[in-house]
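J.: Have a look at this one before I ask anything.
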Amino acid sequence: MNVPAQGIDRVRQAEIVSRLRARLPAAAVLFQEEDTRPFECDGLSAYRELPMIVALPADEDEVRFVLQTCHALKVQVIARGAGTGLSGGALPSGDGVLLSLAKMKRILAVDPVARIARVQPGVRNLAITEAADPYGLYYAPDPSSQIACTIGGNVAENSGGVHCLKYGLTVHNVLRVRGFTIEGEAVELGSEALDAPGYDLLALVTGSEGMLAVITEVTVRLIPEPEACRVILASFDDVEKAGEAVASVIAAGIVPAGLEMMDQPAARAVEEFVHAGYDLDAKALLLCESDGTPEEVEEEIARMIDVLRAAGATATRVSQSDAERDLFWAGRKAAFPAVGRISPDYYCMDGTIPRRRLGEMLDFIGEMEKKYGLRCPNVFHAGDGNLHPLILFDANDPDELHRTEQFAAEVLEKCVAVGGTITGEHGVGVEKINSMCVQFTGPELERFRGVKRAFDPDGLLNPGKNIPTLRRCAEYGKMVVRGGVLPHAELPRF
Amino acid sequence: MQQVLAAFTEAVKTAGPAGRHLRLRGGGTKDFYGQSLVGEILDTRRYAGIVAYDPTELVITVRGGTRLAEVEAALAAERQMLAFEPPHFGDGATIGGAVAAGLSGPRRAAAGALRDFILGVRIMDGRGQDLSFGGRVMKNVAGYDVSRLMAGALGTLGILLEVSMKVSPVPVAEATLKFELPEAKAIETVNRWAGKPLPISATAYADGELDVRLSGAGAAVREACQKLGGERLEPAQAARFWAGIREQTDPFFAGDEPLWRLSVPSTTPQLLLQGRTLVEWGGSLRWLKSHAPAQAIRDLASRVAGHAALFRGGDKGAGVFHALPPATARIHGRLKAEFDPYGVFNRGRMYADL
């Protein structure tokens, strides 16, 4: 999985450094190995490469200068936020400039009446909510890494979170971005009004993994904080029944604020870790959250309990306080690190499937466990049909690694076969680039390349990510976590 | 349906190299909208029907030529709906036309725009290729979001063969409240209310009257009615009123002045332009019936960081849509060339050179 560090062309490096230092302070243009080493990977540490140069612009003028310079010299530019991404979208290149937006972390404006915040790309996701909180507002998308991940990265990845069934993804909550093309031309996409003339380039740039433009300013929508929020923890004696219960909740006309599922092996692993008081005899646990006014929440919780019981829930508990709600969630949010404790390594997948295929998919994963002799606890964003099966293996055993790869390949193929996708929220990056070949045809991939050309004709922005060349279309890729430890291991991951 | 597809492919493949243009058209209910109508009509209604609909998935997949009314009826039978309330502007409106126009109705500020509900599309591009993007699932970050790019592209990038959309449950309770107040006060009020956890699903203001629709759980709507006060409309009267706003059959839209659509930040103060104004979307959408010069309207919209489109009537000579900055216009041109290299589809419908 490791991409070997390319030999860096020192002559070219020196030339680019000197060109960049004509405008940027020396401390903002790094090229010595001890300075560039921290940037060699993002949250997908299995892939590493030392960047030729790291540029740390402090403002838009410096971003524009770096882009213009790189465009003139035909140098690749890889934009990076906090580096928490899970698919290698910010993997550097030994031939390129890694453009860190970390210094651009000012909240430019919070307008409580218009309910918007205008921020620089390096602002952390949670910092936006913290800035909006005094006005009773918040920024809805809450990826699990929200204490560290930046809004620029969220736009690049179209990040989700546990509340996106009700409140949407990043694309639904960003009104406008300002940025620069690789040529250094300023573009404003979207608007602080609710739409903009022309094609919806804002949607195109959101989730484009830094391959179309470099974002320097983002206007996000803020929404009122709900007055009340409670969660139901429901137990099931059968995984399929839990899957059907999810469909029943939706069929009853309820869109819960959060709807998450864990199977027994996952619940046991996390209980040992966080002591959330989970029912360890249950084959599956569902977490169903309701938010709104206290009356509304009470009404919805009662309706959901009825539906869950009718669907065969063997037990239901409702959080009686915010502390208890946090406790119920704690286990779900600690699923990845908890699983990391019970196995030397694990593979995490991110497929999304139609909800009604959940039961079938779980059965399929069960069969694969037998077929390959490997365990695979499951956690899901059940409301969205977004799966995170975690295959447990030991990377020091070459046969186990091989079996894991085959196991994962079959699961991703199954996701596509049942009408789903290879990635719901972690992105393609370098990790799943080969899997794109299974989801899209040659002409579709060629159209993606056409979209890229429309923004970046020379292919200098983050090349080699997201969209495979036809030549590459050969095999699946997956996320490997060495030693069960993610970079930023302190962050919850779900 | 295979035969229809084959006919579409044939039409597209022969038009391109021959330098002919095709005008993609469903029910023709939005013929009034956009810059110019060029080319031989390709009737998209031949490719119609609901492909898949499972209410528990909250997703419907329909062929582009399907009547919007048919889609809405199928959803209503399951107590679901298209939350963005697309305007029909006539019985024959199709889902493909609705997506191409990209227009959303009264619920837009609360629930999101049409583009927000697009999960996937299947299109035929200018080379006659059958291409699928996105999917039928809620979360999908594989590849660029070409699906949403189709929303509002006015058919300039391809024929919409199929669209998959997220659908929503019909709210359990609904109420419409009426208030009398001046425009400046109404704009301030709807913005203030939008910052509170109130179940407001639509607002409309014209001629001293503000109408506010509440939708949601029974308890939430009841409480909000108490908090906000005002005069409550009868359900049938309220339904007629919102349909009138959505379909532009409300008396406000009558008269032969050109109709302008100004999209502006919600807190933009009352726009001082000659003519009559109807304010929707919590202040973000201002309909203007006015004979004021196009340039004056555009300049004012630009000054408040918004944009103006000549929606109905008037002289299209000065451009229907707000002009794009050069860098953005260049990207538009390149995208058009990628999707429709021969310039077959809806030539000039959005901008003269697309």
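Just remember, in the structure tokens the first chain shown is A, the second B, etc., residues are 1-based per chain, and ligands are 1-based in the order shown.
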Taking only C-alpha atoms into account and nothing else, which residues of chain B lie no more than 7 Å away from chain A? Please answer as a PyMOL selection string.
T.: chain B and resi 55-57+116+131+135-146+148-149+152-153+169+191-192+195-197+217+219-220+263-267+284+306-307+321-322+327-328+331+334-335+338
J.: I'd like the neighbourhood of range 125-128 of chain B as a list in words, where a residue qualifies if any of its atoms comes within 6 Å (using only C-alpha atoms), though same-chain residues fewer than 6 positions away should be ignored.
T.: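 Selected residues are Thr9, Val12, Lys13, Gly158, Phe339 and Asp340 of chain B.
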J.: Got time to write the residues from that selection, C-alpha atoms, as a JSON list (two decimals), in the first residue's frame?
T.:
[["chain", "number", "residue", "atom", "x", "y", "z"],
["B", 9, "THR", "CA", -29.76, 8.40, -29.89],
["B", 12, "VAL", "CA", -28.74, 13.29, -31.35],
["B", 13, "LYS", "CA", -26.11, 11.48, -33.38],
["B", 158, "GLY", "CA", -28.02, 16.61, -22.18],
["B", 339, "PHE", "CA", -21.16, 17.44, -22.57],
["B", 340, "ASP", "CA", -22.39, 18.68, -25.91]]
J.: Measure the distance from CA of Leu262 in chain B to CA of Leu114 in chain B in Å and round it to one decimal.
T.: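 If I compute the distance from CA of Leu262 in chain B to CA of Leu114 in chain B, I get 17.7 Å.
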J.: Residues of range 142-350 of chain B classed as strand (DSSP E or B) by DSSP on the backbone are to be reported as a count of residues only.
T.: 57
J.: Measuring between only C-alpha atoms, which one of A:Ile128, A:Val214, A:Leu287, A:Leu280 shows the shortest distance to Ile232 in chain A?
T.: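 Answer, going by the shortest atom-to-atom distance: A:Leu287.
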J.: Under the rule that only C-alpha atoms are counted, which of B:Leu157, B:Leu22, B:Ala7, B:Ala52 is the nearest residue to Gly333 in chain B?
T.: B:Leu157
